[in-house]
>>> print(open('entry_36.pdb').read())   # PDB, C-alpha atoms
ATOM      1  CA  MET A   1     179.890 -97.439 181.154
ATOM      2  CA  ASN A   2     182.362 -96.534 178.395
ATOM      3  CA  PRO A   3     180.393 -95.232 175.358
ATOM      4  CA  ARG A   4     182.813 -97.020 173.017
ATOM      5  CA  THR A   5     181.966-100.412 174.493
ATOM      6  CA  GLN A   6     178.221 -99.968 174.940
ATOM      7  CA  ALA A   7     175.805-101.776 172.684
ATOM      8  CA  ILE A   8     173.939 -99.645 170.157
ATOM      9  CA  LEU A   9     170.224-100.340 170.490
ATOM     10  CA  ILE A  10     167.417-100.023 167.960
ATOM     11  CA  SER A  11     164.780 -98.161 169.953
ATOM     12  CA  GLY A  12     162.391 -97.123 167.193
ATOM     13  CA  HIS A  13     161.463 -97.873 163.604
ATOM     14  CA  GLY A  14     159.040 -96.685 160.962
ATOM     15  CA  TRP A  15     158.398 -96.884 157.240
ATOM     16  CA  GLU A  16     156.403 -95.241 154.485
ATOM     17  CA  ILE A  17     155.912 -97.377 151.369
ATOM     18  CA  PRO A  18     153.028 -96.196 149.144
ATOM     19  CA  ALA A  19     152.525 -99.696 147.704
ATOM     20  CA  PHE A  20     152.001-101.035 151.270
ATOM     21  CA  SER A  21     149.881 -98.121 152.502
ATOM     22  CA  THR A  22     146.962-100.276 153.683
ATOM     23  CA  HIS A  23     149.105-102.579 155.847
ATOM     24  CA  ASP A  24     150.381-102.246 159.412
ATOM     25  CA  SER A  25     153.549-104.291 158.982
ATOM     26  CA  LEU A  26     156.024-105.196 156.281
ATOM     27  CA  ALA A  27     155.148-108.868 156.735
ATOM     28  CA  GLU A  28     151.495-108.099 155.920
ATOM     29  CA  GLY A  29     152.529-106.095 152.880
ATOM     30  CA  LEU A  30     154.752-108.876 151.605
ATOM     31  CA  LEU A  31     152.001-111.448 152.091
ATOM     32  CA  ALA A  32     149.416-109.382 150.220
ATOM     33  CA  GLY A  33     151.801-108.048 147.599
ATOM     34  CA  PRO A  34     152.162-104.456 146.414
ATOM     35  CA  ALA A  35     148.994-102.514 145.615
ATOM     36  CA  ALA A  36     148.367 -99.274 143.754
ATOM     37  CA  PRO A  37     150.556 -96.643 145.461
ATOM     38  CA  HIS A  38     148.741 -94.288 147.822
ATOM     39  CA  PHE A  39     150.591 -91.483 149.586
ATOM     40  CA  THR A  40     149.080 -88.549 151.492
ATOM     41  CA  PRO A  41     151.866 -87.032 153.626
ATOM     42  CA  GLU A  42     149.698 -84.209 154.951
ATOM     43  CA  ARG A  43     147.650 -86.721 156.969
ATOM     44  CA  LEU A  44     150.698 -87.455 159.116
ATOM     45  CA  LEU A  45     152.737 -84.269 158.818
ATOM     46  CA  GLY A  46     150.055 -81.612 158.360
ATOM     47  CA  LYS A  47     150.067 -79.212 155.418
ATOM     48  CA  LYS A  48     152.408 -76.595 156.863
ATOM     49  CA  GLY A  49     155.908 -76.622 155.403
ATOM     50  CA  LEU A  50     155.307 -79.282 152.749
ATOM     51  CA  ARG A  51     155.027 -77.019 149.723
ATOM     52  CA  TYR A  52     157.856 -77.374 147.173
ATOM     53  CA  LYS A  53     159.294 -80.407 148.943
ATOM     54  CA  GLU A  54     160.124 -83.357 146.728
ATOM     55  CA  ARG A  55     158.465 -86.742 147.027
ATOM     56  CA  SER A  56     161.638 -88.272 148.463
ATOM     57  CA  THR A  57     161.735 -85.662 151.235
ATOM     58  CA  LEU A  58     158.066 -86.217 152.071
ATOM     59  CA  LEU A  59     158.490 -90.003 152.200
ATOM     60  CA  ALA A  60     161.545 -89.645 154.427
ATOM     61  CA  LEU A  61     159.803 -87.167 156.749
ATOM     62  CA  CYS A  62     156.894 -89.589 157.201
ATOM     63  CA  ALA A  63     159.170 -92.548 157.961
ATOM     64  CA  ALA A  64     161.262 -90.416 160.332
ATOM     65  CA  SER A  65     158.166 -89.165 162.153
ATOM     66  CA  LYS A  66     156.929 -92.722 162.672
ATOM     67  CA  ALA A  67     160.321 -93.933 163.924
ATOM     68  CA  LEU A  68     160.701 -91.026 166.354
ATOM     69  CA  ALA A  69     157.163 -91.592 167.633
ATOM     70  CA  ASP A  70     157.825 -95.317 168.002
ATOM     71  CA  ALA A  71     160.925 -94.517 170.051
ATOM     72  CA  GLY A  72     158.930 -92.162 172.271
ATOM     73  CA  PHE A  73     160.504 -88.875 171.153
ATOM     74  CA  VAL A  74     157.767 -87.289 169.040
ATOM     75  CA  LYS A  75     154.274 -86.891 170.481
ATOM     76  CA  ALA A  76     151.202 -85.006 169.342
ATOM     77  CA  ASP A  77     152.271 -81.864 171.211
ATOM     78  CA  THR A  78     156.004 -82.146 170.500
ATOM     79  CA  VAL A  79     157.459 -81.933 167.005
ATOM     80  CA  SER A  80     160.883 -80.279 167.361
ATOM     81  CA  LEU A  81     163.248 -81.935 169.835
ATOM     82  CA  HIS A  82     165.950 -79.205 169.870
ATOM     83  CA  ASP A  83     168.477 -81.938 170.671
ATOM     84  CA  ASP A  84     172.192 -81.160 170.192
ATOM     85  CA  GLY A  85     173.043 -84.830 170.668
ATOM     86  CA  PHE A  86     170.672 -86.252 168.040
ATOM     87  CA  GLY A  87     172.052 -86.691 164.509
ATOM     88  CA  VAL A  88     170.706 -87.748 161.123
ATOM     89  CA  VAL A  89     172.162 -89.867 158.350
ATOM     90  CA  VAL A  90     170.190 -90.514 155.168
ATOM     91  CA  ALA A  91     170.902 -93.281 152.659
ATOM     92  CA  THR A  92     169.654 -92.573 149.143
ATOM     93  CA  ASN A  93     170.738 -92.779 145.521
ATOM     94  CA  THR A  94     167.704 -91.483 143.645
ATOM     95  CA  CYS A  95     166.165 -88.860 145.952
ATOM     96  CA  ASN A  96     166.590 -85.787 143.744
ATOM     97  CA  LEU A  97     167.904 -87.370 140.568
ATOM     98  CA  ASP A  98     165.012 -86.119 138.446
ATOM     99  CA  THR A  99     165.377 -82.565 139.763
ATOM    100  CA  VAL A 100     169.118 -82.487 139.083
ATOM    101  CA  CYS A 101     168.688 -83.892 135.577
ATOM    102  CA  GLN A 102     165.832 -81.510 134.751
ATOM    103  CA  ALA A 103     167.801 -78.504 135.997
ATOM    104  CA  ALA A 104     170.868 -79.553 134.029
ATOM    105  CA  GLU A 105     168.760 -80.059 130.902
ATOM    106  CA  THR A 106     167.142 -76.635 131.304
ATOM    107  CA  ILE A 107     170.516 -74.939 131.707
ATOM    108  CA  HIS A 108     171.924 -76.840 128.725
ATOM    109  CA  ARG A 109     169.019 -76.101 126.382
ATOM    110  CA  GLN A 110     168.144 -72.606 127.600
ATOM    111  CA  HIS A 111     169.896 -70.691 130.385
ATOM    112  CA  VAL A 112     170.296 -70.774 134.147
ATOM    113  CA  ASN A 113     167.740 -67.963 134.321
ATOM    114  CA  ALA A 114     165.130 -70.423 133.009
ATOM    115  CA  THR A 115     165.429 -72.633 136.093
ATOM    116  CA  SER A 116     162.976 -72.383 138.968
ATOM    117  CA  ALA A 117     164.098 -70.718 142.179
ATOM    118  CA  MET A 118     161.914 -73.241 144.019
ATOM    119  CA  ASP A 119     163.531 -76.263 142.350
ATOM    120  CA  LEU A 120     167.211 -75.437 142.744
ATOM    121  CA  PRO A 121     167.335 -75.863 146.558
ATOM    122  CA  ASN A 122     166.081 -79.408 145.993
ATOM    123  CA  ALA A 123     169.133 -80.099 143.827
ATOM    124  CA  SER A 124     171.326 -80.302 146.934
ATOM    125  CA  SER A 125     172.424 -83.861 147.643
ATOM    126  CA  ASN A 126     171.800 -83.288 151.362
ATOM    127  CA  VAL A 127     168.278 -81.892 150.956
ATOM    128  CA  VAL A 128     166.488 -84.853 152.591
ATOM    129  CA  SER A 129     168.772 -85.050 155.614
ATOM    130  CA  ALA A 130     168.630 -81.282 156.115
ATOM    131  CA  ALA A 131     164.826 -81.239 155.912
ATOM    132  CA  ILE A 132     164.567 -83.962 158.572
ATOM    133  CA  ALA A 133     167.028 -82.218 160.883
ATOM    134  CA  ILE A 134     165.243 -78.872 160.561
ATOM    135  CA  ARG A 135     161.739 -80.253 161.091
ATOM    136  CA  PHE A 136     162.574 -82.379 164.131
ATOM    137  CA  GLY A 137     165.317 -80.230 165.662
ATOM    138  CA  LEU A 138     168.109 -82.805 165.363
ATOM    139  CA  ARG A 139     171.260 -80.728 165.788
ATOM    140  CA  ALA A 140     174.160 -83.194 165.842
ATOM    141  CA  LEU A 141     175.942 -84.382 162.701
ATOM    142  CA  ASN A 142     173.963 -84.456 159.479
ATOM    143  CA  LEU A 143     174.996 -86.330 156.352
ATOM    144  CA  THR A 144     173.852 -88.247 153.288
ATOM    145  CA  VAL A 145     175.255 -91.534 151.993
ATOM    146  CA  CYS A 146     174.970 -92.329 148.266
ATOM    147  CA  THR A 147     176.944 -95.553 147.868
ATOM    148  CA  GLY A 148     174.620 -97.635 145.727
ATOM    149  CA  ALA A 149     172.974-100.836 146.870
ATOM    150  CA  SER A 150     174.872-100.853 150.178
ATOM    151  CA  SER A 151     173.808 -97.296 151.115
ATOM    152  CA  SER A 152     171.593 -98.102 154.089
ATOM    153  CA  LEU A 153     174.085-100.648 155.437
ATOM    154  CA  ASP A 154     176.810 -97.993 155.226
ATOM    155  CA  ALA A 155     174.549 -95.409 156.871
ATOM    156  CA  ILE A 156     173.761 -97.722 159.796
ATOM    157  CA  VAL A 157     177.458 -98.452 160.357
ATOM    158  CA  LEU A 158     178.338 -94.739 160.181
ATOM    159  CA  ALA A 159     175.560 -93.873 162.629
ATOM    160  CA  ALA A 160     176.620 -96.552 165.110
ATOM    161  CA  ASN A 161     180.246 -95.427 164.902
ATOM    162  CA  ALA A 162     179.208 -91.794 165.432
ATOM    163  CA  ILE A 163     177.495 -92.795 168.680
ATOM    164  CA  ARG A 164     180.433 -94.917 169.837
ATOM    165  CA  ASN A 165     182.895 -92.090 169.099
ATOM    166  CA  GLY A 166     180.871 -89.474 170.955
ATOM    167  CA  ARG A 167     179.760 -87.488 167.894
ATOM    168  CA  ALA A 168     176.138 -88.022 168.917
ATOM    169  CA  ARG A 169     174.143 -89.702 171.669
ATOM    170  CA  ARG A 170     171.404 -90.818 169.308
ATOM    171  CA  MET A 171     171.101 -91.168 165.541
ATOM    172  CA  LEU A 172     168.153 -91.291 163.176
ATOM    173  CA  VAL A 173     168.978 -93.439 160.148
ATOM    174  CA  VAL A 174     166.710 -92.982 157.129
ATOM    175  CA  ALA A 175     166.775 -94.701 153.739
ATOM    176  CA  VAL A 176     164.677 -93.480 150.817
ATOM    177  CA  GLU A 177     164.494 -94.316 147.118
ATOM    178  CA  VAL A 178     162.036 -92.907 144.589
ATOM    179  CA  ASP A 179     161.006 -93.808 141.076
ATOM    180  CA  GLY A 180     161.246 -91.460 138.113
ATOM    181  CA  PRO A 181     162.445 -91.188 134.500
ATOM    182  CA  ALA A 182     166.053 -90.400 135.428
ATOM    183  CA  ALA A 183     166.256 -93.199 137.998
ATOM    184  CA  ARG A 184     164.713 -95.722 135.606
ATOM    185  CA  SER A 185     167.145 -94.779 132.858
ATOM    186  CA  LEU A 186     170.192 -95.001 135.116
ATOM    187  CA  LEU A 187     169.266 -98.232 136.868
ATOM    188  CA  ALA A 188     167.994 -99.928 133.705
ATOM    189  CA  GLY A 189     171.368 -99.365 132.105
ATOM    190  CA  ARG A 190     173.165-100.822 135.103
ATOM    191  CA  ARG A 191     170.898-103.864 135.317
ATOM    192  CA  LEU A 192     171.126-104.520 131.551
ATOM    193  CA  ALA A 193     174.910-104.244 131.730
ATOM    194  CA  GLU A 194     174.802-107.157 134.168
ATOM    195  CA  GLY A 195     172.672-109.222 131.802
ATOM    196  CA  GLY A 196     169.425-108.764 133.713
ATOM    197  CA  GLY A 197     166.055-107.333 132.801
ATOM    198  CA  LEU A 198     164.610-103.890 133.277
ATOM    199  CA  PRO A 199     164.500-102.882 136.945
ATOM    200  CA  ALA A 200     161.406-102.148 138.968
ATOM    201  CA  LEU A 201     162.356 -99.729 141.722
ATOM    202  CA  LEU A 202     160.325 -99.847 144.935
ATOM    203  CA  GLU A 203     159.446 -96.338 146.068
ATOM    204  CA  GLY A 204     159.466 -95.719 149.795
ATOM    205  CA  ALA A 205     161.396 -94.842 152.935
ATOM    206  CA  GLY A 206     162.336 -96.500 156.200
ATOM    207  CA  ALA A 207     163.853 -95.177 159.430
ATOM    208  CA  LEU A 208     165.548 -96.468 162.578
ATOM    209  CA  VAL A 209     166.424 -94.742 165.850
ATOM    210  CA  LEU A 210     169.748 -95.848 167.335
ATOM    211  CA  GLU A 211     171.004 -94.966 170.809
ATOM    212  CA  ARG A 212     173.393 -96.108 173.508
ATOM    213  CA  THR A 213     172.277 -98.658 176.072
ATOM    214  CA  ASP A 214     172.612 -96.244 179.007
ATOM    215  CA  ASP A 215     170.546 -93.549 177.305
ATOM    216  CA  ALA A 216     167.801 -95.948 176.243
ATOM    217  CA  ASN A 217     167.553 -97.549 179.667
ATOM    218  CA  ALA A 218     167.638 -94.189 181.464
ATOM    219  CA  ARG A 219     164.435 -93.116 179.754
ATOM    220  CA  GLY A 220     162.838 -96.563 180.043
ATOM    221  CA  ALA A 221     162.792 -97.126 176.308
ATOM    222  CA  ARG A 222     161.884-100.486 174.867
ATOM    223  CA  HIS A 223     164.154-101.775 172.160
ATOM    224  CA  HIS A 224     164.088-104.442 169.515
ATOM    225  CA  GLY A 225     167.702-105.516 169.283
ATOM    226  CA  ALA A 226     171.327-104.442 169.528
ATOM    227  CA  LEU A 227     173.696-103.907 166.627
ATOM    228  CA  ALA A 228     176.713-106.196 166.803
ATOM    229  CA  GLY A 229     179.431-106.882 164.228
ATOM    230  CA  TYR A 230     179.610-106.005 160.566
ATOM    231  CA  ALA A 231     181.860-106.894 157.626
ATOM    232  CA  TYR A 232     182.305-106.017 153.950
ATOM    233  CA  CYS A 233     183.398-107.825 150.819
ATOM    234  CA  HIS A 234     184.015-107.024 147.143
ATOM    235  CA  ALA A 235     182.752-108.910 144.115
ATOM    236  CA  ASP A 236     186.212-109.163 142.567
ATOM    237  CA  ALA A 237     187.854-110.614 145.671
ATOM    238  CA  ALA A 238     188.650-114.318 145.539
ATOM    239  CA  ARG A 239     187.813-114.640 149.235
ATOM    240  CA  SER A 240     186.207-112.469 151.881
ATOM    241  CA  PRO A 241     187.622-113.668 155.234
ATOM    242  CA  ALA A 242     185.898-110.978 157.301
ATOM    243  CA  LEU A 243     182.450-111.746 155.890
ATOM    244  CA  ASP A 244     183.050-115.503 156.061
ATOM    245  CA  ALA A 245     184.047-115.206 159.725
ATOM    246  CA  LEU A 246     181.019-113.075 160.570
ATOM    247  CA  LEU A 247     178.612-115.495 158.895
ATOM    248  CA  THR A 248     180.275-118.496 160.522
ATOM    249  CA  ASP A 249     180.089-116.936 163.991
ATOM    250  CA  HIS A 250     176.369-116.281 163.532
ATOM    251  CA  ALA A 251     175.433-119.302 161.441
ATOM    252  CA  SER A 252     172.448-120.145 163.649
ATOM    253  CA  LYS A 253     170.783-116.793 163.019
ATOM    254  CA  PRO A 254     168.330-116.266 160.162
ATOM    255  CA  CYS A 255     169.917-114.303 157.346
ATOM    256  CA  TYR A 256     168.241-111.674 155.174
ATOM    257  CA  VAL A 257     169.729-111.722 151.688
ATOM    258  CA  ALA A 258     168.629-110.544 148.247
ATOM    259  CA  GLY A 259     168.712-113.407 145.789
ATOM    260  CA  ASP A 260     170.312-111.275 143.069
ATOM    261  CA  SER A 261     173.238-110.207 145.267
ATOM    262  CA  PHE A 262     176.662-111.460 144.204
ATOM    263  CA  ALA A 263     177.392-112.210 147.874
ATOM    264  CA  ALA A 264     174.403-114.559 148.157
ATOM    265  CA  HIS A 265     176.684-117.496 147.344
ATOM    266  CA  ALA A 266     178.595-116.901 150.586
ATOM    267  CA  VAL A 267     175.390-117.085 152.578
ATOM    268  CA  THR A 268     174.284-120.202 150.736
ATOM    269  CA  ALA A 269     177.555-121.930 151.545
ATOM    270  CA  LEU A 270     177.691-120.923 155.194
ATOM    271  CA  HIS A 271     174.043-120.765 156.225
ATOM    272  CA  GLN A 272     172.636-123.893 154.646
ATOM    273  CA  ARG A 273     173.736-125.853 157.726
ATOM    274  CA  GLU A 274     171.618-124.117 160.359
ATOM    275  CA  GLY A 275     170.260-120.612 159.790
ATOM    276  CA  ALA A 276     167.325-119.931 157.527
ATOM    277  CA  GLN A 277     167.602-117.575 154.567
ATOM    278  CA  ARG A 278     165.065-114.836 153.973
ATOM    279  CA  ASP A 279     164.709-113.050 150.670
ATOM    280  CA  LEU A 280     162.152-110.288 151.199
ATOM    281  CA  GLY A 281     161.487-110.083 147.484
ATOM    282  CA  ILE A 282     160.326-106.599 146.576
ATOM    283  CA  LEU A 283     161.876-105.228 149.801
ATOM    284  CA  SER A 284     165.323-106.521 148.862
ATOM    285  CA  GLY A 285     166.643-106.033 145.307
ATOM    286  CA  PRO A 286     163.931-103.624 144.061
ATOM    287  CA  ALA A 287     164.403-101.449 147.160
ATOM    288  CA  TYR A 288     167.975-100.734 146.001
ATOM    289  CA  GLY A 289     169.865 -98.774 148.675
ATOM    290  CA  ALA A 290     167.057 -99.053 151.236
ATOM    291  CA  SER A 291     166.980-102.865 151.320
ATOM    292  CA  THR A 292     169.189-103.379 154.400
ATOM    293  CA  LEU A 293     167.162-100.951 156.456
ATOM    294  CA  TYR A 294     163.871-102.574 155.415
ATOM    295  CA  ALA A 295     165.257-105.956 156.476
ATOM    296  CA  LEU A 296     166.156-104.592 159.910
ATOM    297  CA  ILE A 297     162.699-103.058 160.264
ATOM    298  CA  HIS A 298     161.140-106.396 159.280
ATOM    299  CA  HIS A 299     163.206-108.099 161.986
ATOM    300  CA  CYS A 300     162.176-105.472 164.565
ATOM    301  CA  GLU A 301     158.507-105.975 163.715
ATOM    302  CA  GLN A 302     158.909-109.735 164.044
ATOM    303  CA  ALA A 303     160.668-109.278 167.393
ATOM    304  CA  ARG A 304     157.879-107.027 168.649
ATOM    305  CA  ALA A 305     155.333-109.662 167.617
ATOM    306  CA  ALA A 306     157.410-112.265 169.508
ATOM    307  CA  GLU A 307     157.837-114.424 166.421
ATOM    308  CA  PRO A 308     160.028-117.436 167.344
ATOM    309  CA  GLU A 309     162.400-116.964 164.405
ATOM    310  CA  SER A 310     163.406-113.514 165.702
ATOM    311  CA  ALA A 311     164.399-114.756 169.159
ATOM    312  CA  CYS A 312     168.091-115.221 168.343
ATOM    313  CA  GLY A 313     168.622-112.056 166.311
ATOM    314  CA  ALA A 314     169.475-111.912 162.628
ATOM    315  CA  VAL A 315     172.141-111.285 160.021
ATOM    316  CA  VAL A 316     171.340-108.794 157.262
ATOM    317  CA  LEU A 317     173.302-108.818 154.020
ATOM    318  CA  GLY A 318     173.193-105.664 151.915
ATOM    319  CA  GLY A 319     174.615-104.408 148.650
ATOM    320  CA  GLY A 320     176.073-106.408 145.801
ATOM    321  CA  SER A 321     173.083-105.950 143.478
ATOM    322  CA  TRP A 322     172.082-103.613 140.627
ATOM    323  CA  GLY A 323     175.614-103.923 139.275
ATOM    324  CA  ASP A 324     177.267-102.621 142.455
ATOM    325  CA  ARG A 325     180.423-104.511 143.337
ATOM    326  CA  ARG A 326     180.456-104.024 147.099
ATOM    327  CA  ALA A 327     178.422-105.787 149.759
ATOM    328  CA  GLY A 328     178.420-106.313 153.478
ATOM    329  CA  ALA A 329     176.581-107.794 156.419
ATOM    330  CA  ILE A 330     175.503-106.528 159.819
ATOM    331  CA  VAL A 331     174.381-108.527 162.847
ATOM    332  CA  VAL A 332     171.544-107.633 165.193
ATOM    333  CA  GLU A 333     171.331-109.472 168.498
ATOM    334  CA  ALA A 334     168.043-110.174 170.243
ATOM    335  CA  GLY A 335     166.622-107.431 172.462
ATOM    336  CA  GLY A 336     167.468-107.414 176.139
ATOM    337  CA  VAL A 337     166.605-105.183 179.076
ATOM    338  CA  GLY A 338     163.823-102.782 178.273
ATOM    339  CA  GLN A 339     162.328-104.749 175.416
TER     340      GLN A 339
END
>>> encode(input="entry_36.pdb", output="structure tokens")
Amino acid sequence: MNPRTQAILISGHGWEIPAFSTHDSLAEGLLAGPAAPHFTPERLLGKKGLRYKERSTLLALCAASKALADAGFVKADTVSLHDDGFGVVVATNTCNLDTVCQAAETIHRQHVNATSAMDLPNASSNVVSAAIAIRFGLRALNLTVCTGASSSLDAIVLAANAIRNGRARRMLVVAVEVDGPAARSLLAGRRLAEGGGLPALLEGAGALVLERTDDANARGARHHGALAGYAYCHADAARSPALDALLTDHASKPCYVAGDSFAAHAVTALHQREGAQRDLGILSGPAYGASTLYALIHHCEQARAAEPESACGAVVLGGGSWGDRRAGAIVVEAGGVGQ
């Protein structure tokens, strides 16, 4: 089968959200509401190699480990895959913001010699993606996407296109956002500029494993859905024909949308006829760039639990919040062979 025409399957998922640490699914966490954050990465990852790693890297490593295990790649006796066809793309906007700001402040007030040799490597924008690739032996393309509220949507599209174009056979997509003084200051200013209140950023990470149909079926992998079409729109555009067409074609599917997204009006107009709307609350707007990926994980968990509303797939709208002017939507079809 031509790789360019094969469906891209979601064969694994995982998440690490400290406020949901006592729950087994996102649905349970949403029902109970966020609790006091609890995060002990060494319980999952072991203590070796964790020293000097930032919180964002640790959250992402935990989510990645769970997704790879869910997909059947990582077992107790196998950590590094040494796979030249497995790539990584990370979506994040706040991962090392505090480190960068602190280093810049130290250099400004004192001198570069006053900075820590252990902190400066964490100032790289690709530090999370590199750490994941090194730990799990994922040797295909490796990149980070920092495009605001649509980051995880963009990362998923890039990963799927990389597989279709032969750049990788499989991709691990990770989204992570962390709280901190620098992130609060930046995002508060953006939210206030839009006339809203002070933001409350949800700290956590999520991960998906994507692979071609042939590869997933060859190893007998179960899967939770197939990525289909996607479309983008801009807040300043009078119309968004591509997004309108996508939503119309999939009007019977439930649609995940953040209520504070500027594109929510398009969903309201087109989905009020048939498909249900789902606002995941704290997993949507407050999750910032990770919101699209959390919505897909929520759908995968519902599909695994055989919830009726997941039987026809879903549409996930991402971006268009926190003052960002770009949004988009991606469609996931119901799982097929191997589910």
>>> residues_around(input="entry_36.pdb", residues="region 118-122 of chain A", least_positions_apart="2", cutoff="12 Å", atoms="only C-alpha atoms", output="VMD selection string")
chain A and resid 51 to 57 95 to 104 106 to 107 112 to 116 124 to 131
>>> write_last_selection(input="entry_36.pdb", atoms="C-alpha atoms", output="CSV table (one decimal), in the coordinates of the input")
chain,number,residue,atom,x,y,z
A,51,ARG,CA,155.0,-77.0,149.7
A,52,TYR,CA,157.9,-77.4,147.2
A,53,LYS,CA,159.3,-80.4,148.9
A,54,GLU,CA,160.1,-83.4,146.7
A,55,ARG,CA,158.5,-86.7,147.0
A,56,SER,CA,161.6,-88.3,148.5
A,57,THR,CA,161.7,-85.7,151.2
A,95,CYS,CA,166.2,-88.9,146.0
A,96,ASN,CA,166.6,-85.8,143.7
A,97,LEU,CA,167.9,-87.4,140.6
A,98,ASP,CA,165.0,-86.1,138.4
A,99,THR,CA,165.4,-82.6,139.8
A,100,VAL,CA,169.1,-82.5,139.1
A,101,CYS,CA,168.7,-83.9,135.6
A,102,GLN,CA,165.8,-81.5,134.8
A,103,ALA,CA,167.8,-78.5,136.0
A,104,ALA,CA,170.9,-79.6,134.0
A,106,THR,CA,167.1,-76.6,131.3
A,107,ILE,CA,170.5,-74.9,131.7
A,112,VAL,CA,170.3,-70.8,134.1
A,113,ASN,CA,167.7,-68.0,134.3
A,114,ALA,CA,165.1,-70.4,133.0
A,115,THR,CA,165.4,-72.6,136.1
A,116,SER,CA,163.0,-72.4,139.0
A,124,SER,CA,171.3,-80.3,146.9
A,125,SER,CA,172.4,-83.9,147.6
A,126,ASN,CA,171.8,-83.3,151.4
A,127,VAL,CA,168.3,-81.9,151.0
A,128,VAL,CA,166.5,-84.9,152.6
A,129,SER,CA,168.8,-85.0,155.6
A,130,ALA,CA,168.6,-81.3,156.1
A,131,ALA,CA,164.8,-81.2,155.9
>>> closest_atom_pairs(input="entry_36.pdb", of="region 130-160 of chain A", to="region 61-65 of chain A", cutoff="10 Å", atoms="all atoms listed in the file", output="JSON lines")
{"residue": "A:Ala131", "atom": "CA", "partner": "A:Leu61", "partner_atom": "CA", "distance": 7.8}
{"residue": "A:Ile132", "atom": "CA", "partner": "A:Leu61", "partner_atom": "CA", "distance": 6.0}
{"residue": "A:Ala133", "atom": "CA", "partner": "A:Leu61", "partner_atom": "CA", "distance": 9.7}
{"residue": "A:Arg135", "atom": "CA", "partner": "A:Leu61", "partner_atom": "CA", "distance": 8.4}
{"residue": "A:Phe136", "atom": "CA", "partner": "A:Ser65", "partner_atom": "CA", "distance": 8.3}
>>> resolve_selection(input="entry_36.pdb", expression="the PyMOL selection byres ((chain A and resi 174) around 7)", output="list in words")
Ala60, Ala64, Val89, Val90, Ala91, Leu172, Val173, Ala175, Val176, Gly206, Ala207 and Leu208 of chain A
>>> residues_around(input="entry_36.pdb", residues="Gly87 (chain A)", least_positions_apart="5", cutoff="7 Å", atoms="all atoms listed in the file", output="short mmCIF file (atom, residue, chain, number, x, y, z; two decimals) with C-alpha atoms, keeping the file's coordinate frame")
data_model
loop_
_atom_site.label_atom_id
_atom_site.label_comp_id
_atom_site.auth_asym_id
_atom_site.auth_seq_id
_atom_site.Cartn_x
_atom_site.Cartn_y
_atom_site.Cartn_z
CA LEU A 138 168.11 -82.80 165.36
CA ARG A 139 171.26 -80.73 165.79
CA ALA A 140 174.16 -83.19 165.84
CA LEU A 141 175.94 -84.38 162.70
CA ASN A 142 173.96 -84.46 159.48
CA ALA A 168 176.14 -88.02 168.92
CA ARG A 170 171.40 -90.82 169.31
CA MET A 171 171.10 -91.17 165.54
CA LEU A 172 168.15 -91.29 163.18
#
>>> resolve_selection(input="entry_36.pdb", expression="the PyMOL selection byres ((chain A and resi 211) around 7)", output="count of residues only")
12
>>> build_atoms(input="entry_36.pdb", residues="region 124-134 of chain A", atoms="N, CA and C atoms", output="mmCIF file, in the coordinates of the input")
data_model
loop_
_atom_site.group_PDB
_atom_site.id
_atom_site.type_symbol
_atom_site.label_atom_id
_atom_site.label_comp_id
_atom_site.auth_asym_id
_atom_site.auth_seq_id
_atom_site.Cartn_x
_atom_site.Cartn_y
_atom_site.Cartn_z
ATOM 1 N N SER A 124 170.272 -79.963 145.971
ATOM 2 C CA SER A 124 171.326 -80.302 146.934
ATOM 3 C C SER A 124 171.260 -81.778 147.293
ATOM 4 N N SER A 125 172.406 -82.428 147.321
ATOM 5 C CA SER A 125 172.424 -83.861 147.643
ATOM 6 C C SER A 125 172.039 -84.129 149.092
ATOM 7 N N ASN A 126 172.112 -83.110 149.942
ATOM 8 C CA ASN A 126 171.800 -83.288 151.362
ATOM 9 C C ASN A 126 170.416 -82.760 151.722
ATOM 10 N N VAL A 127 169.562 -82.556 150.706
ATOM 11 C CA VAL A 127 168.278 -81.892 150.956
ATOM 12 C C VAL A 127 167.382 -82.706 151.892
ATOM 13 N N VAL A 128 167.363 -84.026 151.752
ATOM 14 C CA VAL A 128 166.488 -84.853 152.591
ATOM 15 C C VAL A 128 166.953 -84.828 154.046
ATOM 16 N N SER A 129 168.238 -85.045 154.254
ATOM 17 C CA SER A 129 168.772 -85.050 155.614
ATOM 18 C C SER A 129 168.582 -83.701 156.293
ATOM 19 N N ALA A 130 168.805 -82.621 155.549
ATOM 20 C CA ALA A 130 168.630 -81.282 156.115
ATOM 21 C C ALA A 130 167.176 -81.026 156.492
ATOM 22 N N ALA A 131 166.252 -81.452 155.632
ATOM 23 C CA ALA A 131 164.826 -81.239 155.912
ATOM 24 C C ALA A 131 164.395 -81.975 157.175
ATOM 25 N N ILE A 132 164.896 -83.191 157.367
ATOM 26 C CA ILE A 132 164.567 -83.962 158.572
ATOM 27 C C ILE A 132 165.128 -83.276 159.815
ATOM 28 N N ALA A 133 166.387 -82.855 159.736
ATOM 29 C CA ALA A 133 167.028 -82.218 160.883
ATOM 30 C C ALA A 133 166.316 -80.929 161.275
ATOM 31 N N ILE A 134 165.917 -80.142 160.284
ATOM 32 C CA ILE A 134 165.243 -78.872 160.561
ATOM 33 C C ILE A 134 163.870 -79.112 161.179
#
